[in-house]
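To be precise, the following lines are final13.cif, and they hold mmCIF, C-alpha atoms.
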data_coords
loop_
_atom_site.group_PDB
_atom_site.id
_atom_site.type_symbol
_atom_site.label_atom_id
_atom_site.label_comp_id
_atom_site.auth_asym_id
_atom_site.auth_seq_id
_atom_site.Cartn_x
_atom_site.Cartn_y
_atom_site.Cartn_z
ATOM 1 C CA MET A 1 -38.443 -60.956 36.216
ATOM 2 C CA VAL A 2 -42.159 -61.751 35.826
ATOM 3 C CA PHE A 3 -44.574 -58.966 34.908
ATOM 4 C CA ARG A 4 -48.358 -58.999 34.986
ATOM 5 C CA LEU A 5 -50.169 -56.813 32.475
ATOM 6 C CA THR A 6 -53.812 -55.755 32.528
ATOM 7 C CA ILE A 7 -54.945 -55.258 28.935
ATOM 8 C CA SER A 8 -58.071 -53.687 27.453
ATOM 9 C CA TYR A 9 -59.104 -54.063 23.831
ATOM 10 C CA ARG A 10 -61.889 -53.757 21.314
ATOM 11 C CA GLY A 11 -62.133 -57.165 19.723
ATOM 12 C CA ALA A 12 -63.877 -56.250 16.473
ATOM 13 C CA SER A 13 -60.706 -56.213 14.360
ATOM 14 C CA TYR A 14 -59.140 -59.357 15.803
ATOM 15 C CA ALA A 15 -59.566 -63.125 15.489
ATOM 16 C CA GLY A 16 -59.570 -63.437 19.269
ATOM 17 C CA TRP A 17 -56.769 -63.357 21.803
ATOM 18 C CA GLN A 18 -54.813 -66.506 20.946
ATOM 19 C CA ARG A 19 -52.020 -66.277 18.378
ATOM 20 C CA GLN A 20 -52.921 -67.852 15.004
ATOM 21 C CA ASN A 21 -50.924 -68.495 11.853
ATOM 22 C CA ASN A 22 -53.462 -67.088 9.409
ATOM 23 C CA ALA A 23 -55.148 -64.220 11.246
ATOM 24 C CA THR A 24 -54.340 -61.151 13.339
ATOM 25 C CA THR A 25 -54.914 -61.633 17.061
ATOM 26 C CA VAL A 26 -54.532 -59.475 20.161
ATOM 27 C CA GLN A 27 -51.725 -61.619 21.577
ATOM 28 C CA GLN A 28 -49.743 -61.279 18.361
ATOM 29 C CA VAL A 29 -50.083 -57.486 18.280
ATOM 30 C CA VAL A 30 -49.156 -57.026 21.949
ATOM 31 C CA GLU A 31 -46.162 -59.349 21.629
ATOM 32 C CA SER A 32 -44.936 -57.394 18.629
ATOM 33 C CA ALA A 33 -45.190 -54.084 20.515
ATOM 34 C CA LEU A 34 -43.403 -55.423 23.584
ATOM 35 C CA SER A 35 -40.681 -57.087 21.516
ATOM 36 C CA ASP A 36 -39.961 -53.782 19.813
ATOM 37 C CA LEU A 37 -39.926 -51.993 23.177
ATOM 38 C CA VAL A 38 -37.431 -54.298 24.931
ATOM 39 C CA ALA A 39 -35.443 -55.118 21.770
ATOM 40 C CA GLN A 40 -35.869 -58.871 22.085
ATOM 41 C CA ARG A 41 -38.541 -61.464 21.288
ATOM 42 C CA VAL A 42 -41.281 -61.473 23.909
ATOM 43 C CA GLN A 43 -43.955 -64.082 24.517
ATOM 44 C CA ILE A 44 -47.003 -63.367 26.667
ATOM 45 C CA ILE A 45 -49.609 -65.751 28.056
ATOM 46 C CA GLY A 46 -53.172 -64.536 28.582
ATOM 47 C CA ALA A 47 -55.599 -65.577 31.281
ATOM 48 C CA SER A 48 -58.498 -66.043 28.875
ATOM 49 C CA ARG A 49 -58.522 -66.994 25.194
ATOM 50 C CA THR A 50 -61.296 -64.625 24.169
ATOM 51 C CA ASP A 51 -63.019 -65.487 20.894
ATOM 52 C CA ALA A 52 -62.977 -63.478 17.675
ATOM 53 C CA GLY A 53 -64.768 -60.171 18.111
ATOM 54 C CA VAL A 54 -65.005 -60.392 21.912
ATOM 55 C CA HIS A 55 -63.799 -57.371 23.892
ATOM 56 C CA ALA A 56 -61.813 -57.126 27.127
ATOM 57 C CA ARG A 57 -61.709 -54.508 29.828
ATOM 58 C CA GLY A 58 -59.514 -56.523 32.185
ATOM 59 C CA GLN A 59 -57.651 -59.258 30.333
ATOM 60 C CA VAL A 60 -54.531 -60.331 32.230
ATOM 61 C CA ALA A 61 -51.308 -61.623 30.707
ATOM 62 C CA HIS A 62 -47.837 -62.329 32.013
ATOM 63 C CA LEU A 63 -44.382 -62.156 30.471
ATOM 64 C CA GLU A 64 -40.883 -62.930 31.647
ATOM 65 C CA LEU A 65 -37.871 -60.738 30.967
ATOM 66 C CA PRO A 66 -34.230 -61.500 31.817
ATOM 67 C CA MET A 67 -33.906 -58.046 33.398
ATOM 68 C CA ASP A 68 -36.010 -55.574 35.363
ATOM 69 C CA PHE A 69 -37.891 -52.871 33.493
ATOM 70 C CA PRO A 70 -39.596 -49.671 34.766
ATOM 71 C CA LEU A 71 -43.315 -50.349 35.122
ATOM 72 C CA ARG A 72 -44.403 -47.009 33.677
ATOM 73 C CA GLY A 73 -41.990 -47.498 30.808
ATOM 74 C CA LEU A 74 -43.386 -50.956 30.133
ATOM 75 C CA MET A 75 -46.966 -49.701 30.110
ATOM 76 C CA HIS A 76 -46.528 -46.438 28.220
ATOM 77 C CA GLY A 77 -43.828 -47.765 25.927
ATOM 78 C CA ALA A 78 -46.095 -50.599 24.837
ATOM 79 C CA ASN A 79 -49.043 -48.260 24.342
ATOM 80 C CA GLN A 80 -47.007 -45.990 22.081
ATOM 81 C CA ARG A 81 -46.468 -48.994 19.815
ATOM 82 C CA LEU A 82 -49.994 -50.415 19.973
ATOM 83 C CA PRO A 83 -52.997 -49.518 17.789
ATOM 84 C CA GLU A 84 -55.659 -47.402 19.459
ATOM 85 C CA ASP A 85 -57.986 -50.371 20.021
ATOM 86 C CA ILE A 86 -55.524 -52.107 22.380
ATOM 87 C CA ARG A 87 -54.105 -50.624 25.585
ATOM 88 C CA VAL A 88 -51.997 -51.891 28.472
ATOM 89 C CA MET A 89 -53.834 -50.463 31.491
ATOM 90 C CA ALA A 90 -51.402 -51.561 34.203
ATOM 91 C CA ALA A 91 -48.064 -53.331 34.690
ATOM 92 C CA GLU A 92 -46.998 -55.036 37.928
ATOM 93 C CA ARG A 93 -44.024 -57.089 39.090
ATOM 94 C CA MET A 94 -44.939 -60.593 40.232
ATOM 95 C CA ALA A 95 -43.197 -63.370 42.139
ATOM 96 C CA GLU A 96 -41.403 -66.019 40.133
ATOM 97 C CA GLY A 97 -43.737 -68.753 38.991
ATOM 98 C CA PHE A 98 -46.800 -66.570 38.444
ATOM 99 C CA HIS A 99 -48.931 -67.782 35.526
ATOM 100 C CA ALA A 100 -51.786 -65.624 34.253
ATOM 101 C CA ARG A 101 -53.982 -68.534 33.170
ATOM 102 C CA LYS A 102 -53.124 -71.336 35.595
ATOM 103 C CA HIS A 103 -53.365 -69.189 38.717
ATOM 104 C CA ALA A 104 -56.586 -67.348 37.822
ATOM 105 C CA ALA A 105 -59.246 -67.894 40.508
ATOM 106 C CA PHE A 106 -62.150 -66.508 38.502
ATOM 107 C CA LYS A 107 -63.117 -64.696 35.317
ATOM 108 C CA LEU A 108 -66.015 -62.274 35.013
ATOM 109 C CA TYR A 109 -67.751 -61.803 31.659
ATOM 110 C CA CYS A 110 -70.558 -59.380 30.853
ATOM 111 C CA TYR A 111 -72.935 -59.491 27.884
ATOM 112 C CA ARG A 112 -74.731 -56.239 27.066
ATOM 113 C CA PHE A 113 -78.084 -55.661 25.387
ATOM 114 C CA VAL A 114 -79.791 -52.420 24.410
ATOM 115 C CA LEU A 115 -83.584 -52.545 24.784
ATOM 116 C CA ALA A 116 -84.324 -49.172 23.198
ATOM 117 C CA PRO A 117 -86.456 -49.109 20.018
ATOM 118 C CA VAL A 118 -83.404 -47.953 18.027
ATOM 119 C CA LEU A 119 -79.784 -48.978 18.628
ATOM 120 C CA SER A 120 -77.454 -45.978 18.714
ATOM 121 C CA PRO A 121 -74.371 -46.339 16.500
ATOM 122 C CA LEU A 122 -72.340 -45.428 19.601
ATOM 123 C CA ASP A 123 -73.558 -48.642 21.266
ATOM 124 C CA ALA A 124 -73.487 -50.894 18.224
ATOM 125 C CA LEU A 125 -69.861 -52.042 18.679
ATOM 126 C CA PHE A 126 -70.358 -53.164 22.279
ATOM 127 C CA ALA A 127 -73.965 -54.318 22.651
ATOM 128 C CA VAL A 128 -76.661 -56.281 20.849
ATOM 129 C CA HIS A 129 -80.066 -54.825 20.057
ATOM 130 C CA LEU A 130 -82.916 -56.581 21.877
ATOM 131 C CA PRO A 131 -86.186 -54.875 20.930
ATOM 132 C CA GLY A 132 -89.629 -56.188 21.830
ATOM 133 C CA GLU A 133 -90.977 -58.013 24.870
ATOM 134 C CA ILE A 134 -88.665 -60.267 26.862
ATOM 135 C CA ASP A 135 -89.503 -62.358 29.938
ATOM 136 C CA LEU A 136 -86.660 -61.351 32.241
ATOM 137 C CA PRO A 137 -87.929 -63.268 35.317
ATOM 138 C CA ALA A 138 -87.943 -66.478 33.250
ATOM 139 C CA MET A 139 -84.357 -65.846 32.103
ATOM 140 C CA GLU A 140 -83.317 -65.197 35.697
ATOM 141 C CA ARG A 141 -84.807 -68.495 36.849
ATOM 142 C CA ALA A 142 -83.208 -70.378 33.966
ATOM 143 C CA ALA A 143 -79.802 -68.836 34.673
ATOM 144 C CA GLU A 144 -79.889 -70.136 38.246
ATOM 145 C CA HIS A 145 -79.389 -73.672 36.887
ATOM 146 C CA LEU A 146 -75.932 -72.648 35.657
ATOM 147 C CA VAL A 147 -74.445 -72.126 39.116
ATOM 148 C CA GLY A 148 -72.218 -74.987 40.241
ATOM 149 C CA GLU A 149 -70.018 -77.490 38.459
ATOM 150 C CA HIS A 150 -71.535 -78.892 35.259
ATOM 151 C CA ASP A 151 -70.752 -80.450 31.893
ATOM 152 C CA PHE A 152 -71.052 -77.520 29.440
ATOM 153 C CA THR A 153 -70.635 -79.540 26.235
ATOM 154 C CA ALA A 154 -73.995 -78.232 24.966
ATOM 155 C CA PHE A 155 -72.644 -74.675 25.059
ATOM 156 C CA ALA A 156 -69.185 -75.207 23.536
ATOM 157 C CA LEU A 157 -68.288 -74.340 19.953
ATOM 158 C CA SER A 158 -66.082 -76.719 18.001
ATOM 159 C CA GLY A 159 -62.351 -76.263 18.380
ATOM 160 C CA GLY A 160 -62.367 -75.788 22.147
ATOM 161 C CA SER A 161 -61.223 -77.946 25.070
ATOM 162 C CA HIS A 162 -64.054 -80.428 24.758
ATOM 163 C CA THR A 163 -62.081 -83.262 26.314
ATOM 164 C CA GLN A 164 -62.507 -81.371 29.596
ATOM 165 C CA PRO A 165 -66.007 -79.852 29.341
ATOM 166 C CA VAL A 166 -66.677 -79.517 33.074
ATOM 167 C CA ARG A 167 -66.563 -75.954 34.376
ATOM 168 C CA ARG A 168 -67.630 -74.246 37.597
ATOM 169 C CA ILE A 169 -69.929 -71.221 37.530
ATOM 170 C CA ASP A 170 -69.868 -69.241 40.771
ATOM 171 C CA GLU A 171 -72.363 -66.474 40.088
ATOM 172 C CA VAL A 172 -74.805 -65.356 37.403
ATOM 173 C CA GLY A 173 -77.219 -62.464 37.197
ATOM 174 C CA TRP A 174 -79.090 -59.991 35.055
ATOM 175 C CA GLN A 175 -78.920 -56.306 35.883
ATOM 176 C CA GLY A 176 -79.558 -52.920 34.406
ATOM 177 C CA GLY A 177 -76.619 -51.026 33.001
ATOM 178 C CA GLY A 178 -78.320 -47.667 32.547
ATOM 179 C CA ALA A 179 -81.406 -46.588 30.655
ATOM 180 C CA ASP A 180 -82.584 -49.306 28.248
ATOM 181 C CA VAL A 181 -79.512 -51.462 28.954
ATOM 182 C CA LEU A 182 -79.602 -55.064 30.187
ATOM 183 C CA VAL A 183 -76.409 -56.843 31.268
ATOM 184 C CA PHE A 184 -75.851 -60.556 31.854
ATOM 185 C CA ARG A 185 -72.964 -61.176 34.267
ATOM 186 C CA VAL A 186 -71.339 -64.576 34.740
ATOM 187 C CA THR A 187 -68.375 -65.482 36.944
ATOM 188 C CA GLY A 188 -66.597 -68.828 36.843
ATOM 189 C CA ASN A 189 -63.283 -70.612 37.019
ATOM 190 C CA GLY A 190 -63.073 -71.054 33.261
ATOM 191 C CA PHE A 191 -65.059 -71.053 30.042
ATOM 192 C CA LEU A 192 -65.110 -73.204 26.924
ATOM 193 C CA ARG A 193 -64.874 -71.695 23.450
ATOM 194 C CA GLY A 194 -68.096 -69.800 22.727
ATOM 195 C CA MET A 195 -69.602 -70.917 26.034
ATOM 196 C CA VAL A 196 -70.908 -67.599 27.346
ATOM 197 C CA ARG A 197 -72.390 -66.575 24.011
ATOM 198 C CA SER A 198 -74.096 -69.962 23.628
ATOM 199 C CA ILE A 199 -75.538 -69.633 27.124
ATOM 200 C CA VAL A 200 -76.824 -66.155 26.308
ATOM 201 C CA GLY A 201 -78.408 -67.354 23.071
ATOM 202 C CA THR A 202 -80.154 -70.160 24.941
ATOM 203 C CA LEU A 203 -81.380 -67.854 27.704
ATOM 204 C CA LEU A 204 -82.820 -65.520 25.087
ATOM 205 C CA GLU A 205 -84.912 -68.398 23.749
ATOM 206 C CA VAL A 206 -86.277 -68.797 27.268
ATOM 207 C CA GLY A 207 -87.019 -65.081 27.444
ATOM 208 C CA ARG A 208 -88.924 -65.221 24.166
ATOM 209 C CA GLY A 209 -90.973 -68.244 25.210
ATOM 210 C CA ARG A 210 -89.316 -70.653 22.789
ATOM 211 C CA ARG A 211 -87.723 -72.796 25.500
ATOM 212 C CA ASP A 212 -88.780 -73.902 28.978
ATOM 213 C CA VAL A 213 -87.000 -72.530 32.055
ATOM 214 C CA ASP A 214 -86.012 -76.023 33.233
ATOM 215 C CA ASP A 215 -84.525 -76.910 29.846
ATOM 216 C CA LEU A 216 -81.222 -75.436 31.038
ATOM 217 C CA ARG A 217 -80.965 -78.180 33.652
ATOM 218 C CA ARG A 218 -81.201 -80.898 30.982
ATOM 219 C CA LEU A 219 -78.605 -79.216 28.767
ATOM 220 C CA LEU A 220 -76.073 -79.276 31.609
ATOM 221 C CA GLU A 221 -75.974 -83.064 31.509
ATOM 222 C CA GLY A 222 -73.507 -83.203 28.624
ATOM 223 C CA ARG A 223 -76.047 -82.838 25.823
ATOM 224 C CA PRO A 224 -74.725 -82.096 22.284
ATOM 225 C CA ARG A 225 -74.284 -78.520 21.091
ATOM 226 C CA SER A 226 -77.165 -78.947 18.615
ATOM 227 C CA GLU A 227 -79.708 -79.092 21.449
ATOM 228 C CA ALA A 228 -78.845 -75.674 22.904
ATOM 229 C CA GLY A 229 -79.729 -72.260 21.507
ATOM 230 C CA PRO A 230 -77.866 -70.149 18.942
ATOM 231 C CA THR A 231 -74.575 -68.406 19.646
ATOM 232 C CA ALA A 232 -75.107 -64.730 20.487
ATOM 233 C CA PRO A 233 -72.991 -62.185 18.534
ATOM 234 C CA ALA A 234 -69.462 -61.605 19.817
ATOM 235 C CA ARG A 235 -69.734 -57.818 19.986
ATOM 236 C CA GLY A 236 -71.957 -57.921 23.093
ATOM 237 C CA LEU A 237 -69.423 -59.828 25.207
ATOM 238 C CA THR A 238 -66.630 -58.332 27.315
ATOM 239 C CA LEU A 239 -64.111 -59.970 29.625
ATOM 240 C CA GLU A 240 -64.427 -57.579 32.555
ATOM 241 C CA LYS A 241 -62.044 -58.968 35.153
ATOM 242 C CA VAL A 242 -59.695 -61.811 36.040
ATOM 243 C CA GLY A 243 -59.209 -62.463 39.758
ATOM 244 C CA TYR A 244 -56.331 -64.142 41.600
ATOM 245 C CA PRO A 245 -55.916 -65.650 45.071
ATOM 246 C CA PRO A 246 -54.164 -63.587 47.784
ATOM 247 C CA GLU A 247 -50.886 -65.461 47.433
ATOM 248 C CA TRP A 248 -50.475 -63.981 43.952
ATOM 249 C CA LYS A 249 -50.565 -60.326 44.883
ATOM 250 C CA PRO A 250 -48.146 -58.038 43.005
ATOM 251 C CA LEU A 251 -44.788 -57.724 44.732
ATOM 252 C CA ALA A 252 -45.443 -54.077 45.582
ATOM 253 C CA GLU A 253 -48.475 -55.099 47.675
ATOM 254 C CA GLN A 254 -46.469 -57.713 49.580
ATOM 255 C CA GLU A 255 -43.799 -55.341 50.799
ATOM 256 C CA GLY A 256 -43.958 -54.298 54.411
ATOM 257 C CA PRO A 257 -44.151 -50.687 55.691
#
Let's see the structure in the file written out as structure tokens.
Amino acid sequence: MVFRLTISYRGASYAGWQRQNNATTVQQVVESALSDLVAQRVQIIGASRTDAGVHARGQVAHLELPMDFPLRGLMHGANQRLPEDIRVMAAERMAEGFHARKHAAFKLYCYRFVLAPVLSPLDALFAVHLPGEIDLPAMERAAEHLVGEHDFTAFALSGGSHTQPVRRIDEVGWQGGGADVLVFRVTGNGFLRGMVRSIVGTLLEVGRGRRDVDDLRRLLEGRPRSEAGPTAPARGLTLEKVGYPPEWKPLAEQEGP
């Protein structure tokens, strides 16, 4: 039986999603909780390999079990065994063959800034302070260059899938997220390691007048990482949602009346 889990976590205490031999990751902690729950070794595969310190509101992962398991029991049983900064938000039965990463149609990331003169400690874990003047219209124009299929080598940190640097960005935009909050939203079919944070750091240089709006176009021609802007801090970035095509609806939604 294949199960799809929607997982939310604060990334500050973890070296990213992907299991590592020398660091604690979200995947490792969730697998340990589920293995204890079902009394056998469990392996899960996530839709997005979020970087160290990056948060998730809607990470998706799948697991296979040799038997059925109550959905509420899977969700609540896992949560009873998880630390408070990781939660399984939903559990769904899927058709055989479902793969959380390979079948993902899009991923939505948001990067949050606080523009207020002082950053509240309540916001400090999930947003980056951005005081002073910023040219938002210039950043909006620069971000438009990102839409489409491009070579994002200039925005990829070392250690990622650089042999396949082409990614498709479907939508970008800046919007308010409440008083003194600015949010950068980007939706695409996949992202290289550090890609969104490198894009944000480069756009901020545009907003501060240190880089021309059209410079983004040049960087999308496979330029080296050294020519793009700095990598923005991980704490401002959240994986908000992973979307799937209609043929991969949960089994409960495919049943007739």
Problem set entry | Residue IDs satisfying the PyMOL selection byres ((chain A and resi 191) around 9), as number ranges by chain | A: 48, 107, 152, 156, 165, 167-169, 188-190, 192-196
For this session: Tell me which residues the PyMOL selection byres ((chain A and resi 43) around 6) grabs here, as a list of chain:residue names.
Result: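 Going through the file, the PyMOL selection byres ((chain A and resi 43) around 6) ends up selecting A:Glu31, A:Val42, A:Ile44.
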For this session: Pull out every residue that the PyMOL selection byres ((chain A and resi 245) around 10) matches in the shown coordinates and put them as a list in words.
Result: His103, Ala104, Ala105, Phe106, Gly243, Tyr244, Pro246, Glu247, Trp248 and Lys249 of chain A
Exercise. Closest to Gly16 in chain A among A:Leu34, A:Ala234, A:Val181, A:Leu220, using all atoms listed in the file?
Worked result: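 Nearest candidate to Gly16 in chain A out of A:Leu34, A:Ala234, A:Val181, A:Leu220: A:Ala234.
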For this session: Might you pull out every residue within 12 Å of Ser35 in chain A, with all atoms listed in the file counted and same-chain residues fewer than 2 positions away left off, and present them as a PyMOL selection string?
Result: chain A and resi 27-33+37-44+63-65+74+77-78+81-82
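Minimum atom-to-atom distance to Arg57 in chain A, evaluated using all atoms listed in the file, belongs to A:Leu239 out of A:Leu5, A:Ala127, A:Val88, A:Leu239.
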Seminar exercise, completed: re CA of Ala47 in chain A and CA of Arg235 in chain A: distance 19.7 Å
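Distances to Thr24 in chain A were evaluated for A:Asp215, A:Met1, A:Gly53, A:Ile7 using only C-alpha atoms, and the minimum falls at A:Gly53.
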For this session: Fewer than 6 positions away in the same chain doesn't count, so skip those; otherwise give me all residues within 10 Å of Glu92 in chain A, counting only C-alpha atoms, as a PyMOL selection string.
Result: chain A and resi 2-6+62+70-72+74-75+249-253
Exercise. Which neighbours of Gly58 in chain A fall inside 9 Å, counting all atoms listed in the file, when residues of the same chain fewer than 4 positions from it are skipped, and could you give them as a list in words?
Worked result: Thr6, Ile7, Ser8, Tyr9, Met89, Thr238, Leu239, Glu240, Lys241 and Val242 of chain A
Exercise. In terms of the shortest atom-to-atom distance over all atoms listed in the file, which of A:Gly148, A:Gly176, A:Gly207, A:Gly97 is closest to Leu136 in chain A?
Worked result: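 Looking only at the distances to Leu136 in chain A, the closest residue turns out to be A:Gly207.
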Seminar exercise, completed: A straight line from CA of Ala12 in chain A to CA of Pro230 in chain A spans 19.9 Å
Exercise. Of the residues A:Leu216, A:Met67, A:Ile199, A:Leu237, which is the one nearest to Ala52 in chain A, using all atoms listed in the file?
Worked result: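 Counting all atoms listed in the file, the residue closest to Ala52 in chain A is A:Leu237.
Distance check against Thr50 in chain A using only C-alpha atoms: of A:Gly11, A:Gly132, A:Gly236, A:Pro117, the minimum falls on A:Gly11.
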Exercise. At what distance in Å, to one decimal, does CA of Glu221 in chain A lie from CA of Asp151 in chain A?
Worked result: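 These two atoms are separated by 5.9 Å.
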Problem set entry | Test item: residues at most 8 Å from Thr231 in chain A, only C-alpha atoms, excluding those fewer than 3 positions along its chain, as a list of chain:residue names |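 Neighbouring residues, sequence-local ones excluded: A:Gly194, A:Arg197, A:Ser198, A:Ile199, A:Val200, A:Gly201, A:Thr202.
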Taking C-alpha atoms for each residue, export the selection above as a PDB file, in the coordinates of the input.
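The result, stored in result01.pdb:
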ATOM      1  CA  GLY A 194     -68.096 -69.800  22.727  1.00  0.00           C
ATOM      2  CA  ARG A 197     -72.390 -66.575  24.011  1.00  0.00           C
ATOM      3  CA  SER A 198     -74.096 -69.962  23.628  1.00  0.00           C
ATOM      4  CA  ILE A 199     -75.538 -69.633  27.124  1.00  0.00           C
ATOM      5  CA  VAL A 200     -76.824 -66.155  26.308  1.00  0.00           C
ATOM      6  CA  GLY A 201     -78.408 -67.354  23.071  1.00  0.00           C
ATOM      7  CA  THR A 202     -80.154 -70.160  24.941  1.00  0.00           C
TER       8      THR A 202
END
Problem set entry | Shell around Asp180 in chain A at 7 Å using all atoms listed in the file, local window under 5 positions removed, as number ranges by chain | A: 114-116
